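Notes follow the structure.
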Amino acid sequence: MTAETTITVHLTAYRSRALMLQTEHREAEAAYDASIRAYLRYLADEAAKAGYALSTDHGDGSEYSIHAESHAARQRAHDWLATLPDIWNWMP
């Protein structure tokens, strides 16, 4: 794999989805906002180890998108991403 596959986290959509999963909205917002930068660093480090590039934008459609040369490469990146913890499972 090469960094020709880029995973883009759409921050607005990711935050919205992450907060929907929590019942204590105010506490969840504070925890999310305090941890998102470190979590994104973690994702970027893991992506680099796996041969992927990670980027972010403020998109509000889906939580992330994958840009790759082929459908198979996109599927591999999707499958890899699914093995990583989400922000709530990553937080100490």
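Scheme for the structure tokens: letters A, B, ... for chains in order shown; per-chain residue numbers from 1; ligand numbers from 1 in order shown.
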Mind checking which residues fall within 7 Å of A:Leu11, counting only C-alpha atoms, ignoring those fewer than 5 positions away in the same chain, and posting them as a list in words?
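Close residues of A:Leu11: Thr56, Asp57, His58 and Gly59 of chain A.
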Keeping N, CA and C atoms, export the residues of the selection given above as an mmCIF file, in the first residue's frame.
data_model
loop_
_atom_site.group_PDB
_atom_site.id
_atom_site.type_symbol
_atom_site.label_atom_id
_atom_site.label_comp_id
_atom_site.auth_asym_id
_atom_site.auth_seq_id
_atom_site.Cartn_x
_atom_site.Cartn_y
_atom_site.Cartn_z
ATOM 1 N N THR A 56 -8.110 16.000 6.829
ATOM 2 C CA THR A 56 -9.376 16.411 7.428
ATOM 3 C C THR A 56 -9.939 17.580 6.629
ATOM 4 N N ASP A 57 -11.230 17.732 6.727
ATOM 5 C CA ASP A 57 -11.893 18.919 6.212
ATOM 6 C C ASP A 57 -13.120 19.155 7.082
ATOM 7 N N HIS A 58 -13.893 20.133 6.763
ATOM 8 C CA HIS A 58 -15.064 20.455 7.584
ATOM 9 C C HIS A 58 -16.356 20.000 6.926
ATOM 10 N N GLY A 59 -16.264 18.936 6.144
ATOM 11 C CA GLY A 59 -17.434 18.404 5.465
ATOM 12 C C GLY A 59 -18.484 17.908 6.444
#
Quick one: everything within 8 Å of A:Asp60, counting only C-alpha atoms, minus sequence neighbours fewer than 5 positions away in the same chain. Send it as a tab-separated table (two decimals) with N, CA and C atoms, in the first residue's frame.
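In the end it all went to out33.tsv:
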chain	number	residue	atom	x	y	z
A	10	HIS	N	-14.22	13.94	7.79
A	10	HIS	CA	-15.04	15.15	7.63
A	10	HIS	C	-15.48	15.56	9.04
A	11	LEU	N	-14.78	16.54	9.59
A	11	LEU	CA	-14.88	16.87	11.01
A	11	LEU	C	-16.28	17.23	11.48
A	12	THR	N	-17.02	17.98	10.71
A	12	THR	CA	-18.37	18.36	11.13
A	12	THR	C	-19.26	17.13	11.25
A	13	ALA	N	-19.21	16.28	10.24
A	13	ALA	CA	-20.03	15.06	10.26
A	13	ALA	C	-19.55	14.09	11.33
A	14	TYR	N	-18.23	13.96	11.50
A	14	TYR	CA	-17.69	13.04	12.49
A	14	TYR	C	-18.11	13.46	13.89
Output as a ChimeraX atom specification all residues of chain A that backbone DSSP marks as strand (DSSP E).
/A:6-10,53-57,64-67
If you measure from atom CA of A:Thr5 to atom CA of A:Glu46, what distance in Å do you get, rounded to one decimal?
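According to the coordinates, atom CA of A:Thr5 and atom CA of A:Glu46 are separated by 13.6 Å.
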Polymer residues at most 10 Å from A:Ala47, only C-alpha atoms, same-chain spacing of 3 or more positions, as an mmCIF file with N, CA, C and O atoms, in the first residue's frame:
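The new file around.cif reads:
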data_model
loop_
_atom_site.group_PDB
_atom_site.id
_atom_site.type_symbol
_atom_site.label_atom_id
_atom_site.label_comp_id
_atom_site.auth_asym_id
_atom_site.auth_seq_id
_atom_site.Cartn_x
_atom_site.Cartn_y
_atom_site.Cartn_z
ATOM 1 N N ALA A 3 0.776 5.763 0.043
ATOM 2 C CA ALA A 3 -0.022 6.900 0.493
ATOM 3 C C ALA A 3 -0.886 7.458 -0.644
ATOM 4 O O ALA A 3 -1.442 8.532 -0.513
ATOM 5 N N THR A 5 -3.554 6.274 -1.282
ATOM 6 C CA THR A 5 -4.884 6.157 -0.699
ATOM 7 C C THR A 5 -4.977 7.151 0.437
ATOM 8 O O THR A 5 -4.166 7.129 1.358
ATOM 9 N N THR A 6 -5.954 8.035 0.351
ATOM 10 C CA THR A 6 -6.134 9.064 1.368
ATOM 11 C C THR A 6 -7.501 8.908 2.023
ATOM 12 O O THR A 6 -8.515 8.812 1.338
ATOM 13 N N ILE A 7 -7.476 8.886 3.327
ATOM 14 C CA ILE A 7 -8.702 8.853 4.116
ATOM 15 C C ILE A 7 -8.924 10.267 4.625
ATOM 16 O O ILE A 7 -8.038 10.849 5.266
ATOM 17 N N ARG A 41 -4.257 12.836 15.653
ATOM 18 C CA ARG A 41 -2.834 12.500 15.579
ATOM 19 C C ARG A 41 -2.652 10.986 15.614
ATOM 20 O O ARG A 41 -1.850 10.419 14.873
ATOM 21 N N TYR A 42 -3.390 10.338 16.510
ATOM 22 C CA TYR A 42 -3.351 8.880 16.584
ATOM 23 C C TYR A 42 -3.745 8.266 15.241
ATOM 24 O O TYR A 42 -3.057 7.374 14.720
ATOM 25 N N LEU A 43 -4.858 8.730 14.665
ATOM 26 C CA LEU A 43 -5.297 8.201 13.372
ATOM 27 C C LEU A 43 -4.243 8.429 12.289
ATOM 28 O O LEU A 43 -3.966 7.537 11.484
ATOM 29 N N ALA A 44 -3.656 9.617 12.263
ATOM 30 C CA ALA A 44 -2.635 9.928 11.259
ATOM 31 C C ALA A 44 -1.418 9.022 11.425
ATOM 32 O O ALA A 44 -0.868 8.524 10.429
ATOM 33 N N ALA A 50 0.246 2.137 8.148
ATOM 34 C CA ALA A 50 -0.447 1.247 7.218
ATOM 35 C C ALA A 50 -0.259 1.663 5.761
ATOM 36 O O ALA A 50 -0.748 0.987 4.854
ATOM 37 N N GLY A 51 0.419 2.787 5.529
ATOM 38 C CA GLY A 51 0.657 3.241 4.166
ATOM 39 C C GLY A 51 -0.411 4.145 3.601
ATOM 40 O O GLY A 51 -0.489 4.334 2.395
ATOM 41 N N TYR A 52 -1.242 4.705 4.459
ATOM 42 C CA TYR A 52 -2.301 5.618 4.032
ATOM 43 C C TYR A 52 -1.974 7.043 4.454
ATOM 44 O O TYR A 52 -1.202 7.259 5.386
ATOM 45 N N ALA A 53 -2.584 7.979 3.792
ATOM 46 C CA ALA A 53 -2.510 9.380 4.204
ATOM 47 C C ALA A 53 -3.840 9.725 4.865
ATOM 48 O O ALA A 53 -4.882 9.186 4.491
ATOM 49 N N LEU A 54 -3.786 10.594 5.851
ATOM 50 C CA LEU A 54 -5.004 11.045 6.527
ATOM 51 C C LEU A 54 -5.099 12.546 6.364
ATOM 52 O O LEU A 54 -4.112 13.262 6.537
ATOM 53 N N ALA A 77 -8.813 0.049 2.567
ATOM 54 C CA ALA A 77 -8.707 1.161 3.509
ATOM 55 C C ALA A 77 -9.929 1.208 4.428
ATOM 56 O O ALA A 77 -9.800 1.450 5.630
ATOM 57 N N TRP A 80 -9.564 -1.569 6.947
ATOM 58 C CA TRP A 80 -8.536 -1.205 7.921
ATOM 59 C C TRP A 80 -9.088 -0.190 8.920
ATOM 60 O O TRP A 80 -8.909 -0.334 10.132
ATOM 61 N N LEU A 81 -9.750 0.826 8.415
ATOM 62 C CA LEU A 81 -10.303 1.863 9.287
ATOM 63 C C LEU A 81 -11.291 1.275 10.287
ATOM 64 O O LEU A 81 -11.331 1.685 11.454
#
Selection: 9 Å around stretch 90-92 of chain A, only C-alpha atoms, excl. self and same-chain fewer than 2 positions, as a PDB file with all heavy atoms, in the first residue's frame:
ATOM      1  N   ALA A  31     -15.681  16.398  26.361  1.00  0.00           N
ATOM      2  CA  ALA A  31     -14.712  15.317  26.195  1.00  0.00           C
ATOM      3  C   ALA A  31     -14.235  15.233  24.744  1.00  0.00           C
ATOM      4  O   ALA A  31     -13.034  15.090  24.482  1.00  0.00           O
ATOM      5  CB  ALA A  31     -15.323  13.993  26.638  1.00  0.00           C
ATOM      6  N   SER A  35     -10.369  16.044  23.234  1.00  0.00           N
ATOM      7  CA  SER A  35      -9.609  14.877  22.769  1.00  0.00           C
ATOM      8  C   SER A  35      -9.427  14.762  21.266  1.00  0.00           C
ATOM      9  O   SER A  35      -8.596  13.977  20.807  1.00  0.00           O
ATOM     10  CB  SER A  35     -10.304  13.603  23.260  1.00  0.00           C
ATOM     11  OG  SER A  35     -10.364  13.585  24.657  1.00  0.00           O
ATOM     12  N   TYR A  39      -6.708  12.484  19.097  1.00  0.00           N
ATOM     13  CA  TYR A  39      -7.264  11.341  18.369  1.00  0.00           C
ATOM     14  C   TYR A  39      -6.883  11.407  16.892  1.00  0.00           C
ATOM     15  O   TYR A  39      -6.493  10.395  16.291  1.00  0.00           O
ATOM     16  CB  TYR A  39      -8.783  11.294  18.541  1.00  0.00           C
ATOM     17  CG  TYR A  39      -9.438  10.157  17.796  1.00  0.00           C
ATOM     18  CD1 TYR A  39      -9.207   8.835  18.153  1.00  0.00           C
ATOM     19  CD2 TYR A  39     -10.293  10.405  16.731  1.00  0.00           C
ATOM     20  CE1 TYR A  39      -9.804   7.782  17.468  1.00  0.00           C
ATOM     21  CE2 TYR A  39     -10.898   9.364  16.044  1.00  0.00           C
ATOM     22  CZ  TYR A  39     -10.650   8.065  16.406  1.00  0.00           C
ATOM     23  OH  TYR A  39     -11.238   7.021  15.721  1.00  0.00           O
ATOM     24  N   LEU A  84      -9.949   0.164  13.734  1.00  0.00           N
ATOM     25  CA  LEU A  84      -9.473   1.150  14.708  1.00  0.00           C
ATOM     26  C   LEU A  84     -10.597   1.572  15.644  1.00  0.00           C
ATOM     27  O   LEU A  84     -11.767   1.611  15.248  1.00  0.00           O
ATOM     28  CB  LEU A  84      -8.919   2.377  13.995  1.00  0.00           C
ATOM     29  CG  LEU A  84      -7.711   2.123  13.096  1.00  0.00           C
ATOM     30  CD1 LEU A  84      -7.313   3.408  12.406  1.00  0.00           C
ATOM     31  CD2 LEU A  84      -6.550   1.555  13.883  1.00  0.00           C
ATOM     32  N   PRO A  85     -10.253   1.949  16.877  1.00  0.00           N
ATOM     33  CA  PRO A  85     -11.284   2.417  17.799  1.00  0.00           C
ATOM     34  C   PRO A  85     -11.815   3.784  17.383  1.00  0.00           C
ATOM     35  O   PRO A  85     -11.073   4.597  16.837  1.00  0.00           O
ATOM     36  CB  PRO A  85     -10.549   2.504  19.141  1.00  0.00           C
ATOM     37  CG  PRO A  85      -9.116   2.710  18.776  1.00  0.00           C
ATOM     38  CD  PRO A  85      -8.917   1.949  17.485  1.00  0.00           C
ATOM     39  N   ASP A  86     -13.102   4.006  17.635  1.00  0.00           N
ATOM     40  CA  ASP A  86     -13.621   5.355  17.432  1.00  0.00           C
ATOM     41  C   ASP A  86     -13.124   6.221  18.594  1.00  0.00           C
ATOM     42  O   ASP A  86     -12.450   5.736  19.500  1.00  0.00           O
ATOM     43  CB  ASP A  86     -15.143   5.368  17.312  1.00  0.00           C
ATOM     44  CG  ASP A  86     -15.864   4.952  18.587  1.00  0.00           C
ATOM     45  OD1 ASP A  86     -15.264   4.940  19.683  1.00  0.00           O
ATOM     46  OD2 ASP A  86     -17.055   4.621  18.495  1.00  0.00           O
ATOM     47  N   ILE A  87     -13.446   7.485  18.561  1.00  0.00           N
ATOM     48  CA  ILE A  87     -12.924   8.396  19.578  1.00  0.00           C
ATOM     49  C   ILE A  87     -13.321   7.980  20.989  1.00  0.00           C
ATOM     50  O   ILE A  87     -12.524   8.072  21.925  1.00  0.00           O
ATOM     51  CB  ILE A  87     -13.295   9.868  19.291  1.00  0.00           C
ATOM     52  CG1 ILE A  87     -12.501  10.807  20.210  1.00  0.00           C
ATOM     53  CG2 ILE A  87     -14.810  10.075  19.384  1.00  0.00           C
ATOM     54  CD1 ILE A  87     -12.567  12.258  19.817  1.00  0.00           C
ATOM     55  N   TRP A  88     -14.519   7.464  21.175  1.00  0.00           N
ATOM     56  CA  TRP A  88     -14.987   7.086  22.520  1.00  0.00           C
ATOM     57  C   TRP A  88     -14.247   5.852  23.041  1.00  0.00           C
ATOM     58  O   TRP A  88     -13.963   5.758  24.231  1.00  0.00           O
ATOM     59  CB  TRP A  88     -16.496   6.847  22.527  1.00  0.00           C
ATOM     60  CG  TRP A  88     -17.248   8.027  22.021  1.00  0.00           C
ATOM     61  CD1 TRP A  88     -18.089   8.049  20.950  1.00  0.00           C
ATOM     62  CD2 TRP A  88     -17.245   9.360  22.534  1.00  0.00           C
ATOM     63  NE1 TRP A  88     -18.598   9.299  20.763  1.00  0.00           N
ATOM     64  CE2 TRP A  88     -18.091  10.140  21.726  1.00  0.00           C
ATOM     65  CE3 TRP A  88     -16.583   9.990  23.585  1.00  0.00           C
ATOM     66  CZ2 TRP A  88     -18.319  11.489  21.935  1.00  0.00           C
ATOM     67  CZ3 TRP A  88     -16.810  11.344  23.800  1.00  0.00           C
ATOM     68  CH2 TRP A  88     -17.657  12.081  22.993  1.00  0.00           C
TER      69      TRP A  88
END
Quote the spacing between atom CA of A:Glu29 and atom CA of A:Ile66 in Å to one decimal place.
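Answer for the atom CA of A:Glu29 to atom CA of A:Ile66 separation: 26.2 Å.
Between atom CA of A:Ser16 and atom CA of A:Arg74 the interatomic distance comes to 23.8 Å.
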